[in-house]
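**Q** My structure is stored as coords_34.cif, with mmCIF, N, CA and C atoms.
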data_upload
#
loop_
_atom_site.label_atom_id
_atom_site.label_comp_id
_atom_site.auth_asym_id
_atom_site.auth_seq_id
_atom_site.Cartn_x
_atom_site.Cartn_y
_atom_site.Cartn_z
N MET A 236 -15.62 41.94 18.21
CA MET A 236 -14.53 41.17 18.72
C MET A 236 -14.79 39.68 18.64
N PHE A 237 -15.93 39.26 19.17
CA PHE A 237 -16.28 37.85 19.12
C PHE A 237 -17.16 37.61 17.90
N ARG A 238 -16.81 36.57 17.20
CA ARG A 238 -17.59 36.22 16.01
C ARG A 238 -18.63 35.20 16.41
N ILE A 239 -19.82 35.43 16.04
CA ILE A 239 -20.90 34.50 16.36
C ILE A 239 -20.95 33.44 15.27
N ILE A 240 -21.02 32.18 15.68
CA ILE A 240 -21.12 31.09 14.73
C ILE A 240 -22.53 31.09 14.15
N LYS A 241 -22.57 31.12 12.84
CA LYS A 241 -23.87 31.18 12.17
C LYS A 241 -24.33 29.78 11.79
N LYS A 242 -25.59 29.67 11.48
CA LYS A 242 -26.19 28.40 11.09
C LYS A 242 -25.50 27.85 9.83
N ALA A 243 -25.10 28.71 8.92
CA ALA A 243 -24.42 28.29 7.69
C ALA A 243 -23.06 27.67 7.99
N ASP A 244 -22.37 28.18 9.01
CA ASP A 244 -21.08 27.61 9.40
C ASP A 244 -21.24 26.18 9.91
N ILE A 245 -22.27 25.94 10.70
CA ILE A 245 -22.53 24.61 11.24
C ILE A 245 -22.89 23.65 10.11
N ILE A 246 -23.73 24.10 9.19
CA ILE A 246 -24.13 23.25 8.06
C ILE A 246 -22.91 22.92 7.19
N LEU A 247 -22.06 23.90 6.93
CA LEU A 247 -20.84 23.67 6.15
C LEU A 247 -19.94 22.66 6.85
N PHE A 248 -19.77 22.78 8.15
CA PHE A 248 -18.94 21.86 8.92
C PHE A 248 -19.48 20.43 8.83
N ILE A 249 -20.77 20.27 8.99
CA ILE A 249 -21.39 18.94 8.92
C ILE A 249 -21.23 18.35 7.52
N CYS A 250 -21.42 19.18 6.49
CA CYS A 250 -21.26 18.70 5.11
C CYS A 250 -19.83 18.23 4.85
N LEU A 251 -18.85 18.98 5.33
CA LEU A 251 -17.45 18.59 5.14
C LEU A 251 -17.12 17.27 5.86
N ILE A 252 -17.67 17.09 7.05
CA ILE A 252 -17.46 15.84 7.78
C ILE A 252 -18.07 14.67 7.01
N LEU A 253 -19.29 14.84 6.50
CA LEU A 253 -19.95 13.78 5.75
C LEU A 253 -19.21 13.44 4.46
N ILE A 254 -18.74 14.45 3.75
CA ILE A 254 -17.99 14.21 2.51
C ILE A 254 -16.68 13.48 2.81
N GLY A 255 -15.98 13.90 3.86
CA GLY A 255 -14.74 13.23 4.25
C GLY A 255 -14.97 11.77 4.64
N GLY A 256 -16.04 11.52 5.38
CA GLY A 256 -16.37 10.14 5.75
C GLY A 256 -16.71 9.29 4.54
N ALA A 257 -17.47 9.85 3.60
CA ALA A 257 -17.83 9.11 2.39
C ALA A 257 -16.60 8.79 1.55
N LEU A 258 -15.70 9.74 1.40
CA LEU A 258 -14.49 9.51 0.61
C LEU A 258 -13.60 8.46 1.28
N SER A 259 -13.50 8.48 2.60
CA SER A 259 -12.72 7.48 3.32
C SER A 259 -13.31 6.09 3.13
N TYR A 260 -14.63 6.00 3.21
CA TYR A 260 -15.30 4.71 3.01
C TYR A 260 -15.03 4.17 1.61
N LEU A 261 -15.15 5.03 0.61
CA LEU A 261 -14.91 4.59 -0.77
C LEU A 261 -13.47 4.15 -0.98
N ALA A 262 -12.54 4.84 -0.35
CA ALA A 262 -11.12 4.49 -0.51
C ALA A 262 -10.82 3.12 0.09
N PHE A 263 -11.41 2.81 1.23
CA PHE A 263 -11.11 1.55 1.89
C PHE A 263 -11.97 0.40 1.41
N SER A 264 -13.15 0.67 0.89
CA SER A 264 -14.02 -0.42 0.45
C SER A 264 -13.61 -0.98 -0.91
N GLY A 265 -12.78 -0.27 -1.67
CA GLY A 265 -12.34 -0.74 -2.98
C GLY A 265 -11.26 -1.80 -2.91
N SER A 266 -10.72 -2.04 -1.74
CA SER A 266 -9.67 -3.04 -1.58
C SER A 266 -10.25 -4.40 -1.26
N SER A 267 -9.60 -5.42 -1.75
CA SER A 267 -10.01 -6.78 -1.44
C SER A 267 -8.76 -7.59 -1.10
N THR A 268 -8.97 -8.74 -0.51
CA THR A 268 -7.85 -9.59 -0.16
C THR A 268 -7.12 -10.02 -1.43
N GLY A 269 -5.83 -9.84 -1.44
CA GLY A 269 -5.05 -10.17 -2.63
C GLY A 269 -4.63 -11.62 -2.68
N ASP A 270 -4.09 -12.02 -3.83
CA ASP A 270 -3.64 -13.39 -4.04
C ASP A 270 -2.17 -13.47 -4.44
N LEU A 271 -1.67 -12.43 -5.10
CA LEU A 271 -0.30 -12.45 -5.60
C LEU A 271 0.51 -11.28 -5.05
N VAL A 272 1.76 -11.56 -4.73
CA VAL A 272 2.71 -10.52 -4.36
C VAL A 272 3.57 -10.26 -5.60
N VAL A 273 3.62 -9.02 -6.02
CA VAL A 273 4.43 -8.65 -7.19
C VAL A 273 5.59 -7.80 -6.69
N VAL A 274 6.80 -8.24 -7.00
CA VAL A 274 8.01 -7.52 -6.62
C VAL A 274 8.62 -6.93 -7.88
N LYS A 275 8.82 -5.61 -7.87
CA LYS A 275 9.45 -4.92 -9.00
C LYS A 275 10.73 -4.25 -8.53
N VAL A 276 11.75 -4.33 -9.38
CA VAL A 276 13.03 -3.67 -9.12
C VAL A 276 13.33 -2.81 -10.34
N ASN A 277 13.58 -1.54 -10.13
CA ASN A 277 13.82 -0.59 -11.22
C ASN A 277 12.68 -0.58 -12.23
N GLY A 278 11.45 -0.78 -11.77
CA GLY A 278 10.28 -0.76 -12.64
C GLY A 278 10.04 -2.04 -13.41
N GLU A 279 10.91 -3.02 -13.30
CA GLU A 279 10.74 -4.30 -13.99
C GLU A 279 10.33 -5.38 -13.00
N ILE A 280 9.48 -6.28 -13.43
CA ILE A 280 9.01 -7.35 -12.54
C ILE A 280 10.16 -8.29 -12.19
N TYR A 281 10.42 -8.41 -10.90
CA TYR A 281 11.44 -9.32 -10.39
C TYR A 281 10.84 -10.70 -10.18
N GLY A 282 9.57 -10.73 -9.73
CA GLY A 282 8.90 -12.01 -9.51
C GLY A 282 7.48 -11.82 -9.02
N LYS A 283 6.67 -12.88 -9.21
CA LYS A 283 5.31 -12.93 -8.69
C LYS A 283 5.21 -14.16 -7.81
N TYR A 284 4.64 -13.98 -6.61
CA TYR A 284 4.61 -15.05 -5.64
C TYR A 284 3.21 -15.15 -5.03
N SER A 285 2.81 -16.36 -4.68
CA SER A 285 1.51 -16.58 -4.06
C SER A 285 1.53 -16.03 -2.63
N LEU A 286 0.46 -15.35 -2.27
CA LEU A 286 0.33 -14.82 -0.92
C LEU A 286 -0.04 -15.90 0.08
N SER A 287 -0.49 -17.05 -0.41
CA SER A 287 -0.91 -18.13 0.48
C SER A 287 0.23 -19.06 0.89
N LYS A 288 1.38 -18.95 0.25
CA LYS A 288 2.53 -19.81 0.58
C LYS A 288 3.60 -18.99 1.30
N ASP A 289 3.94 -19.41 2.52
CA ASP A 289 4.96 -18.70 3.30
C ASP A 289 6.33 -18.90 2.68
N ARG A 290 7.07 -17.81 2.56
CA ARG A 290 8.42 -17.87 2.00
C ARG A 290 9.15 -16.56 2.27
N THR A 291 10.44 -16.59 2.04
CA THR A 291 11.27 -15.39 2.15
C THR A 291 11.99 -15.18 0.83
N ILE A 292 11.91 -13.97 0.31
CA ILE A 292 12.55 -13.62 -0.96
C ILE A 292 13.63 -12.59 -0.67
N THR A 293 14.83 -12.83 -1.15
CA THR A 293 15.91 -11.87 -0.99
C THR A 293 16.23 -11.26 -2.35
N VAL A 294 16.14 -9.94 -2.42
CA VAL A 294 16.42 -9.22 -3.66
C VAL A 294 17.77 -8.55 -3.50
N ASN A 295 18.76 -9.00 -4.28
CA ASN A 295 20.09 -8.40 -4.30
C ASN A 295 20.33 -7.80 -5.67
N ARG A 296 20.41 -6.49 -5.74
CA ARG A 296 20.66 -5.80 -7.01
C ARG A 296 21.58 -4.61 -6.78
N ASN A 297 22.63 -4.52 -7.54
CA ASN A 297 23.55 -3.38 -7.52
C ASN A 297 24.03 -3.03 -6.11
N GLY A 298 24.34 -4.04 -5.32
CA GLY A 298 24.84 -3.81 -3.97
C GLY A 298 23.78 -3.46 -2.95
N HIS A 299 22.51 -3.51 -3.33
CA HIS A 299 21.41 -3.23 -2.41
C HIS A 299 20.66 -4.52 -2.12
N MET A 300 20.17 -4.65 -0.87
CA MET A 300 19.49 -5.87 -0.46
C MET A 300 18.17 -5.54 0.22
N ASN A 301 17.13 -6.29 -0.16
CA ASN A 301 15.84 -6.25 0.51
C ASN A 301 15.40 -7.68 0.77
N LYS A 302 14.99 -7.96 2.00
CA LYS A 302 14.46 -9.28 2.34
C LYS A 302 12.96 -9.12 2.53
N ILE A 303 12.19 -9.84 1.71
CA ILE A 303 10.74 -9.76 1.70
C ILE A 303 10.19 -11.06 2.27
N THR A 304 9.31 -10.94 3.28
CA THR A 304 8.77 -12.12 3.96
C THR A 304 7.26 -12.21 3.70
N ILE A 305 6.83 -13.36 3.20
CA ILE A 305 5.41 -13.66 3.02
C ILE A 305 5.06 -14.68 4.10
N LYS A 306 4.10 -14.31 4.97
CA LYS A 306 3.74 -15.21 6.06
C LYS A 306 2.31 -14.93 6.50
N GLY A 307 1.51 -15.98 6.57
CA GLY A 307 0.15 -15.86 7.06
C GLY A 307 -0.76 -14.98 6.21
N GLY A 308 -0.53 -14.96 4.91
CA GLY A 308 -1.37 -14.17 4.02
C GLY A 308 -1.02 -12.70 3.99
N LYS A 309 0.13 -12.34 4.56
CA LYS A 309 0.60 -10.96 4.57
C LYS A 309 2.04 -10.92 4.08
N VAL A 310 2.44 -9.76 3.59
CA VAL A 310 3.82 -9.59 3.10
C VAL A 310 4.40 -8.34 3.74
N GLN A 311 5.70 -8.40 4.02
CA GLN A 311 6.40 -7.24 4.56
C GLN A 311 7.85 -7.26 4.13
N VAL A 312 8.48 -6.11 4.16
CA VAL A 312 9.92 -6.03 3.95
C VAL A 312 10.52 -6.16 5.35
N SER A 313 11.17 -7.28 5.61
CA SER A 313 11.67 -7.55 6.96
C SER A 313 13.09 -7.02 7.18
N LYS A 314 13.83 -6.79 6.10
CA LYS A 314 15.19 -6.28 6.23
C LYS A 314 15.56 -5.54 4.96
N SER A 315 16.31 -4.46 5.11
CA SER A 315 16.72 -3.67 3.95
C SER A 315 18.07 -3.02 4.22
N SER A 316 18.82 -2.80 3.16
CA SER A 316 20.13 -2.15 3.30
C SER A 316 20.04 -0.63 3.21
N CYS A 317 18.82 -0.09 3.02
CA CYS A 317 18.68 1.36 2.91
C CYS A 317 18.86 2.03 4.28
N LYS A 318 19.18 3.31 4.28
CA LYS A 318 19.48 4.01 5.53
C LYS A 318 18.24 4.33 6.34
N ASN A 319 17.16 4.77 5.69
CA ASN A 319 16.01 5.27 6.45
C ASN A 319 15.06 4.19 6.97
N GLN A 320 15.07 2.99 6.42
CA GLN A 320 14.28 1.84 6.88
C GLN A 320 12.77 2.09 6.90
N ILE A 321 12.28 3.01 6.08
CA ILE A 321 10.84 3.28 6.03
C ILE A 321 10.09 2.06 5.52
N CYS A 322 10.65 1.36 4.57
CA CYS A 322 9.99 0.17 4.02
C CYS A 322 9.83 -0.92 5.09
N VAL A 323 10.77 -1.03 5.99
CA VAL A 323 10.70 -2.02 7.06
C VAL A 323 9.69 -1.57 8.12
N LYS A 324 9.70 -0.28 8.44
CA LYS A 324 8.81 0.26 9.47
C LYS A 324 7.35 0.27 9.02
N GLN A 325 7.10 0.21 7.72
CA GLN A 325 5.72 0.26 7.23
C GLN A 325 4.90 -0.93 7.70
N GLY A 326 5.51 -2.05 7.93
CA GLY A 326 4.78 -3.22 8.39
C GLY A 326 4.29 -4.07 7.24
N SER A 327 3.26 -4.87 7.51
CA SER A 327 2.79 -5.82 6.50
C SER A 327 1.55 -5.32 5.78
N ILE A 328 1.34 -5.83 4.57
CA ILE A 328 0.18 -5.51 3.76
C ILE A 328 -0.47 -6.82 3.31
N SER A 329 -1.79 -6.75 3.00
CA SER A 329 -2.47 -7.99 2.60
C SER A 329 -3.59 -7.76 1.60
N THR A 330 -3.93 -6.52 1.26
CA THR A 330 -5.04 -6.28 0.34
C THR A 330 -4.56 -5.57 -0.92
N THR A 331 -5.37 -5.68 -1.95
CA THR A 331 -5.04 -5.01 -3.21
C THR A 331 -4.99 -3.51 -2.99
N HIS A 332 -4.32 -2.81 -3.84
CA HIS A 332 -4.13 -1.36 -3.79
C HIS A 332 -3.19 -0.94 -2.66
N GLN A 333 -2.50 -1.88 -2.04
CA GLN A 333 -1.49 -1.55 -1.04
C GLN A 333 -0.12 -1.88 -1.63
N SER A 334 0.88 -1.11 -1.21
CA SER A 334 2.23 -1.40 -1.67
C SER A 334 3.24 -0.92 -0.64
N ILE A 335 4.42 -1.49 -0.73
CA ILE A 335 5.55 -1.07 0.08
C ILE A 335 6.63 -0.63 -0.91
N VAL A 336 7.18 0.55 -0.67
CA VAL A 336 8.16 1.10 -1.60
C VAL A 336 9.46 1.39 -0.86
N CYS A 337 10.56 0.92 -1.41
CA CYS A 337 11.89 1.25 -0.90
C CYS A 337 12.55 2.11 -1.98
N ILE A 338 12.46 3.40 -1.82
CA ILE A 338 12.96 4.31 -2.86
C ILE A 338 14.47 4.21 -3.05
N PRO A 339 15.29 4.19 -1.97
CA PRO A 339 16.74 4.11 -2.20
C PRO A 339 17.16 2.87 -2.98
N ASN A 340 16.49 1.73 -2.74
CA ASN A 340 16.86 0.49 -3.42
C ASN A 340 16.02 0.22 -4.66
N ARG A 341 15.05 1.10 -4.94
CA ARG A 341 14.19 1.02 -6.12
C ARG A 341 13.41 -0.30 -6.17
N VAL A 342 12.84 -0.68 -5.03
CA VAL A 342 12.06 -1.91 -4.92
C VAL A 342 10.62 -1.55 -4.55
N VAL A 343 9.67 -2.15 -5.27
CA VAL A 343 8.25 -1.96 -4.98
C VAL A 343 7.63 -3.34 -4.78
N VAL A 344 6.94 -3.51 -3.66
CA VAL A 344 6.21 -4.74 -3.36
C VAL A 344 4.73 -4.38 -3.35
N SER A 345 3.94 -5.03 -4.19
CA SER A 345 2.52 -4.72 -4.26
C SER A 345 1.70 -6.01 -4.28
N ILE A 346 0.40 -5.86 -4.07
CA ILE A 346 -0.51 -7.01 -4.02
C ILE A 346 -1.50 -6.90 -5.17
N GLU A 347 -1.71 -8.01 -5.86
CA GLU A 347 -2.68 -8.09 -6.94
C GLU A 347 -3.74 -9.12 -6.59
N GLY A 348 -4.93 -8.97 -7.18
CA GLY A 348 -6.00 -9.93 -7.01
C GLY A 348 -5.85 -11.09 -7.97
N LYS A 349 -6.85 -11.97 -7.99
CA LYS A 349 -6.80 -13.15 -8.86
C LYS A 349 -6.73 -12.80 -10.32
N GLY A 350 -7.39 -11.71 -10.71
CA GLY A 350 -7.45 -11.33 -12.11
C GLY A 350 -6.16 -10.78 -12.65
N GLY A 351 -5.17 -10.61 -11.80
CA GLY A 351 -3.91 -10.09 -12.26
C GLY A 351 -3.91 -8.57 -12.27
N GLU A 352 -3.93 -7.98 -13.44
CA GLU A 352 -3.79 -6.55 -13.58
C GLU A 352 -5.04 -5.78 -13.18
N TYR A 353 -6.23 -6.35 -13.40
CA TYR A 353 -7.47 -5.65 -13.16
C TYR A 353 -8.24 -6.29 -12.02
N ASP A 354 -8.84 -5.48 -11.16
CA ASP A 354 -9.68 -5.99 -10.09
C ASP A 354 -11.13 -6.09 -10.55
N VAL A 355 -11.60 -5.10 -11.32
CA VAL A 355 -12.99 -5.07 -11.77
C VAL A 355 -13.02 -4.55 -13.19
N ILE A 356 -13.84 -5.18 -14.03
CA ILE A 356 -14.06 -4.68 -15.39
C ILE A 356 -15.56 -4.47 -15.55
N SER A 357 -15.93 -3.26 -15.93
CA SER A 357 -17.36 -2.97 -16.13
C SER A 357 -17.62 -2.57 -17.57
N GLN A 358 -18.86 -2.77 -17.98
CA GLN A 358 -19.21 -2.44 -19.36
C GLN A 358 -20.22 -1.34 -19.40
#
As a first step, turn the structure in this file into structure tokens.

**A**
Amino acid sequence: MFRIIKKADIILFICLILIGGALSYLAFSGSSTGDLVVVKVNGEIYGKYSLSKDRTITVNRNGHMNKITIKGGKVQVSKSSCKNQICVKQGSISTTHQSIVCIPNRVVVSIEGKGGEYDVISQ
């Protein structure tokens, strides 16, 4: 009726915890502070903006509106005409490999490093 926990079960549990922790560390350590905000609409670049200069960008396309705010080295979608408002609720981003996506309006806001397309090149 009662199953006794074996030594192998405990070792497996500890290994899974260690692997999960290592993968989480690798996922978060690969990000660095970004320099450029890239806004894409329908997969095409709408504009590139410096993350160090505060500004507000309004994207109006095909009757859809997104207001993107860059302030204090962070960017967020502060207003959107979409129904679900997930892009607004996501909050602000500031490091590479982060993005905000508004699927109904087909807008993607992402952060790039100084190198533009590539963060690291190895040989």

**Q** May I ask which of the residues A:His332, A:Ala257, A:Ser316, A:Ser287 is the closest one to Leu271 in chain A, counting only N, CA and C atoms?

**A**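 Of all the options, A:Ser287 lies closest to Leu271 in chain A.
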
**Q** Which value, in Å to one decimal, gives the distance between CA of Lys288 in chain A and CA of Gly269 in chain A?

**A**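 If I compute the distance from CA of Lys288 in chain A to CA of Gly269 in chain A, I get 12.7 Å.
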
**Q** If we count all atoms listed in the file, what is near Thr331 in chain A at a cut-off of 6 Å, once residues fewer than 3 positions away on the same chain are taken out, given as a ChimeraX atom specification?

**A** /A:266-269,346-348

**Q** How would the residues just picked look written out with N, CA and C atoms as a PDB file, in the frame of the given file?

**A**
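Final output, out_28.pdb:
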ATOM      1  N   SER A 266     -10.720  -2.040  -1.740  1.00  0.00           N
ATOM      2  CA  SER A 266      -9.670  -3.040  -1.580  1.00  0.00           C
ATOM      3  C   SER A 266     -10.250  -4.400  -1.260  1.00  0.00           C
ATOM      4  N   SER A 267      -9.600  -5.420  -1.750  1.00  0.00           N
ATOM      5  CA  SER A 267     -10.010  -6.780  -1.440  1.00  0.00           C
ATOM      6  C   SER A 267      -8.760  -7.590  -1.100  1.00  0.00           C
ATOM      7  N   THR A 268      -8.970  -8.740  -0.510  1.00  0.00           N
ATOM      8  CA  THR A 268      -7.850  -9.590  -0.160  1.00  0.00           C
ATOM      9  C   THR A 268      -7.120 -10.020  -1.430  1.00  0.00           C
ATOM     10  N   GLY A 269      -5.830  -9.840  -1.440  1.00  0.00           N
ATOM     11  CA  GLY A 269      -5.050 -10.170  -2.630  1.00  0.00           C
ATOM     12  C   GLY A 269      -4.630 -11.620  -2.680  1.00  0.00           C
ATOM     13  N   ILE A 346       0.400  -5.860  -4.070  1.00  0.00           N
ATOM     14  CA  ILE A 346      -0.510  -7.010  -4.020  1.00  0.00           C
ATOM     15  C   ILE A 346      -1.500  -6.900  -5.170  1.00  0.00           C
ATOM     16  N   GLU A 347      -1.710  -8.010  -5.860  1.00  0.00           N
ATOM     17  CA  GLU A 347      -2.680  -8.090  -6.940  1.00  0.00           C
ATOM     18  C   GLU A 347      -3.740  -9.120  -6.590  1.00  0.00           C
ATOM     19  N   GLY A 348      -4.930  -8.970  -7.180  1.00  0.00           N
ATOM     20  CA  GLY A 348      -6.000  -9.930  -7.010  1.00  0.00           C
ATOM     21  C   GLY A 348      -5.850 -11.090  -7.970  1.00  0.00           C
TER      22      GLY A 348
END

**Q** Between CA of Lys302 in chain A and CA of Lys318 in chain A, what is the distance in Å, rounded to a tenth?

**A** 14.6 Å

**Q** Determine the residue set returned by the PyMOL selection byres (((chain A and resi 327 and name CA) around 6) and name CA) for the present structure, and present it as a list in words.

**A** Lys309, Val310, Gln311, Gly326 and Ile328 of chain A

**Q** Go through the shown structure with the PyMOL selection byres ((chain A and resi 335) around 7) and write out the matching residues as a ChimeraX atom specification.

**A** /A:322,333-334,336-337,342-346

**Q** Pick the closest to Pro339 in chain A from A:Ile292, A:Met300, A:Val312, A:Leu258: which is it, counting only C-alpha atoms?

**A**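 Of all the options, A:Met300 lies closest to Pro339 in chain A.
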
**Q** Select from chain A everything DSSP, run on the backbone, classes as helix (DSSP H, G or I), then give the selection as a PyMOL selection string.

**A** chain A and resi 242-264+321-324

**Q** Emit the selected residues as a PDB file, keeping the file's coordinate frame, including N, CA and C atoms.

**A**
ATOM      1  N   LYS A 242     -25.590  29.670  11.480  1.00  0.00           N
ATOM      2  CA  LYS A 242     -26.190  28.400  11.090  1.00  0.00           C
ATOM      3  C   LYS A 242     -25.500  27.850   9.830  1.00  0.00           C
ATOM      4  N   ALA A 243     -25.100  28.710   8.920  1.00  0.00           N
ATOM      5  CA  ALA A 243     -24.420  28.290   7.690  1.00  0.00           C
ATOM      6  C   ALA A 243     -23.060  27.670   7.990  1.00  0.00           C
ATOM      7  N   ASP A 244     -22.370  28.180   9.010  1.00  0.00           N
ATOM      8  CA  ASP A 244     -21.080  27.610   9.400  1.00  0.00           C
ATOM      9  C   ASP A 244     -21.240  26.180   9.910  1.00  0.00           C
ATOM     10  N   ILE A 245     -22.270  25.940  10.700  1.00  0.00           N
ATOM     11  CA  ILE A 245     -22.530  24.610  11.240  1.00  0.00           C
ATOM     12  C   ILE A 245     -22.890  23.650  10.110  1.00  0.00           C
ATOM     13  N   ILE A 246     -23.730  24.100   9.190  1.00  0.00           N
ATOM     14  CA  ILE A 246     -24.130  23.250   8.060  1.00  0.00           C
ATOM     15  C   ILE A 246     -22.910  22.920   7.190  1.00  0.00           C
ATOM     16  N   LEU A 247     -22.060  23.900   6.930  1.00  0.00           N
ATOM     17  CA  LEU A 247     -20.840  23.670   6.150  1.00  0.00           C
ATOM     18  C   LEU A 247     -19.940  22.660   6.850  1.00  0.00           C
ATOM     19  N   PHE A 248     -19.770  22.780   8.150  1.00  0.00           N
ATOM     20  CA  PHE A 248     -18.940  21.860   8.920  1.00  0.00           C
ATOM     21  C   PHE A 248     -19.480  20.430   8.830  1.00  0.00           C
ATOM     22  N   ILE A 249     -20.770  20.270   8.990  1.00  0.00           N
ATOM     23  CA  ILE A 249     -21.390  18.940   8.920  1.00  0.00           C
ATOM     24  C   ILE A 249     -21.230  18.350   7.520  1.00  0.00           C
ATOM     25  N   CYS A 250     -21.420  19.180   6.490  1.00  0.00           N
ATOM     26  CA  CYS A 250     -21.260  18.700   5.110  1.00  0.00           C
ATOM     27  C   CYS A 250     -19.830  18.230   4.850  1.00  0.00           C
ATOM     28  N   LEU A 251     -18.850  18.980   5.330  1.00  0.00           N
ATOM     29  CA  LEU A 251     -17.450  18.590   5.140  1.00  0.00           C
ATOM     30  C   LEU A 251     -17.120  17.270   5.860  1.00  0.00           C
ATOM     31  N   ILE A 252     -17.670  17.090   7.050  1.00  0.00           N
ATOM     32  CA  ILE A 252     -17.460  15.840   7.780  1.00  0.00           C
ATOM     33  C   ILE A 252     -18.070  14.670   7.010  1.00  0.00           C
ATOM     34  N   LEU A 253     -19.290  14.840   6.500  1.00  0.00           N
ATOM     35  CA  LEU A 253     -19.950  13.780   5.750  1.00  0.00           C
ATOM     36  C   LEU A 253     -19.210  13.440   4.460  1.00  0.00           C
ATOM     37  N   ILE A 254     -18.740  14.450   3.750  1.00  0.00           N
ATOM     38  CA  ILE A 254     -17.990  14.210   2.510  1.00  0.00           C
ATOM     39  C   ILE A 254     -16.680  13.480   2.810  1.00  0.00           C
ATOM     40  N   GLY A 255     -15.980  13.900   3.860  1.00  0.00           N
ATOM     41  CA  GLY A 255     -14.740  13.230   4.250  1.00  0.00           C
ATOM     42  C   GLY A 255     -14.970  11.770   4.640  1.00  0.00           C
ATOM     43  N   GLY A 256     -16.040  11.520   5.380  1.00  0.00           N
ATOM     44  CA  GLY A 256     -16.370  10.140   5.750  1.00  0.00           C
ATOM     45  C   GLY A 256     -16.710   9.290   4.540  1.00  0.00           C
ATOM     46  N   ALA A 257     -17.470   9.850   3.600  1.00  0.00           N
ATOM     47  CA  ALA A 257     -17.830   9.110   2.390  1.00  0.00           C
ATOM     48  C   ALA A 257     -16.600   8.790   1.550  1.00  0.00           C
ATOM     49  N   LEU A 258     -15.700   9.740   1.400  1.00  0.00           N
ATOM     50  CA  LEU A 258     -14.490   9.510   0.610  1.00  0.00           C
ATOM     51  C   LEU A 258     -13.600   8.460   1.280  1.00  0.00           C
ATOM     52  N   SER A 259     -13.500   8.480   2.600  1.00  0.00           N
ATOM     53  CA  SER A 259     -12.720   7.480   3.320  1.00  0.00           C
ATOM     54  C   SER A 259     -13.310   6.090   3.130  1.00  0.00           C
ATOM     55  N   TYR A 260     -14.630   6.000   3.210  1.00  0.00           N
ATOM     56  CA  TYR A 260     -15.300   4.710   3.010  1.00  0.00           C
ATOM     57  C   TYR A 260     -15.030   4.170   1.610  1.00  0.00           C
ATOM     58  N   LEU A 261     -15.150   5.030   0.610  1.00  0.00           N
ATOM     59  CA  LEU A 261     -14.910   4.590  -0.770  1.00  0.00           C
ATOM     60  C   LEU A 261     -13.470   4.150  -0.980  1.00  0.00           C
ATOM     61  N   ALA A 262     -12.540   4.840  -0.350  1.00  0.00           N
ATOM     62  CA  ALA A 262     -11.120   4.490  -0.510  1.00  0.00           C
ATOM     63  C   ALA A 262     -10.820   3.120   0.090  1.00  0.00           C
ATOM     64  N   PHE A 263     -11.410   2.810   1.230  1.00  0.00           N
ATOM     65  CA  PHE A 263     -11.110   1.550   1.890  1.00  0.00           C
ATOM     66  C   PHE A 263     -11.970   0.400   1.410  1.00  0.00           C
ATOM     67  N   SER A 264     -13.150   0.670   0.890  1.00  0.00           N
ATOM     68  CA  SER A 264     -14.020  -0.420   0.450  1.00  0.00           C
ATOM     69  C   SER A 264     -13.610  -0.980  -0.910  1.00  0.00           C
ATOM     70  N   ILE A 321      12.280   3.010   6.080  1.00  0.00           N
ATOM     71  CA  ILE A 321      10.840   3.280   6.030  1.00  0.00           C
ATOM     72  C   ILE A 321      10.090   2.060   5.520  1.00  0.00           C
ATOM     73  N   CYS A 322      10.650   1.360   4.570  1.00  0.00           N
ATOM     74  CA  CYS A 322       9.990   0.170   4.020  1.00  0.00           C
ATOM     75  C   CYS A 322       9.830  -0.920   5.090  1.00  0.00           C
ATOM     76  N   VAL A 323      10.770  -1.030   5.990  1.00  0.00           N
ATOM     77  CA  VAL A 323      10.700  -2.020   7.060  1.00  0.00           C
ATOM     78  C   VAL A 323       9.690  -1.570   8.120  1.00  0.00           C
ATOM     79  N   LYS A 324       9.700  -0.280   8.440  1.00  0.00           N
ATOM     80  CA  LYS A 324       8.810   0.260   9.470  1.00  0.00           C
ATOM     81  C   LYS A 324       7.350   0.270   9.020  1.00  0.00           C
TER      82      LYS A 324
END

**Q** Could you give me the residues within chain A that DSSP places in strand (DSSP E or B), as a PyMOL selection string?

**A** chain A and resi 268+271-276+279-285+290-296+299-306+309-315+328+330+334-337+342-348+351

**Q** Any chance you could resolve the PyMOL selection byres ((chain A and resi 284) around 6) against this file and give the residues as an mmCIF file with N, CA and C atoms, in the frame of the given file?

**A**
data_model
loop_
_atom_site.group_PDB
_atom_site.id
_atom_site.type_symbol
_atom_site.label_atom_id
_atom_site.label_comp_id
_atom_site.auth_asym_id
_atom_site.auth_seq_id
_atom_site.Cartn_x
_atom_site.Cartn_y
_atom_site.Cartn_z
ATOM 1 N N ASP A 270 -4.090 -12.020 -3.830
ATOM 2 C CA ASP A 270 -3.640 -13.390 -4.040
ATOM 3 C C ASP A 270 -2.170 -13.470 -4.440
ATOM 4 N N LEU A 271 -1.670 -12.430 -5.100
ATOM 5 C CA LEU A 271 -0.300 -12.450 -5.600
ATOM 6 C C LEU A 271 0.510 -11.280 -5.050
ATOM 7 N N VAL A 272 1.760 -11.560 -4.730
ATOM 8 C CA VAL A 272 2.710 -10.520 -4.360
ATOM 9 C C VAL A 272 3.570 -10.260 -5.600
ATOM 10 N N VAL A 273 3.620 -9.020 -6.020
ATOM 11 C CA VAL A 273 4.430 -8.650 -7.190
ATOM 12 C C VAL A 273 5.590 -7.800 -6.690
ATOM 13 N N GLY A 282 9.570 -10.730 -9.730
ATOM 14 C CA GLY A 282 8.900 -12.010 -9.510
ATOM 15 C C GLY A 282 7.480 -11.820 -9.020
ATOM 16 N N LYS A 283 6.670 -12.880 -9.210
ATOM 17 C CA LYS A 283 5.310 -12.930 -8.690
ATOM 18 C C LYS A 283 5.210 -14.160 -7.810
ATOM 19 N N SER A 285 2.810 -16.360 -4.680
ATOM 20 C CA SER A 285 1.510 -16.580 -4.060
ATOM 21 C C SER A 285 1.530 -16.030 -2.630
ATOM 22 N N LEU A 286 0.460 -15.350 -2.270
ATOM 23 C CA LEU A 286 0.330 -14.820 -0.920
ATOM 24 C C LEU A 286 -0.040 -15.900 0.080
#

**Q** A:Ile280, A:Asn340, A:Cys317, A:Ile239: which is nearest Arg296 in chain A, counting all atoms listed in the file?

**A**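 Ranked by minimum distance to Arg296 in chain A, first place goes to A:Asn340.
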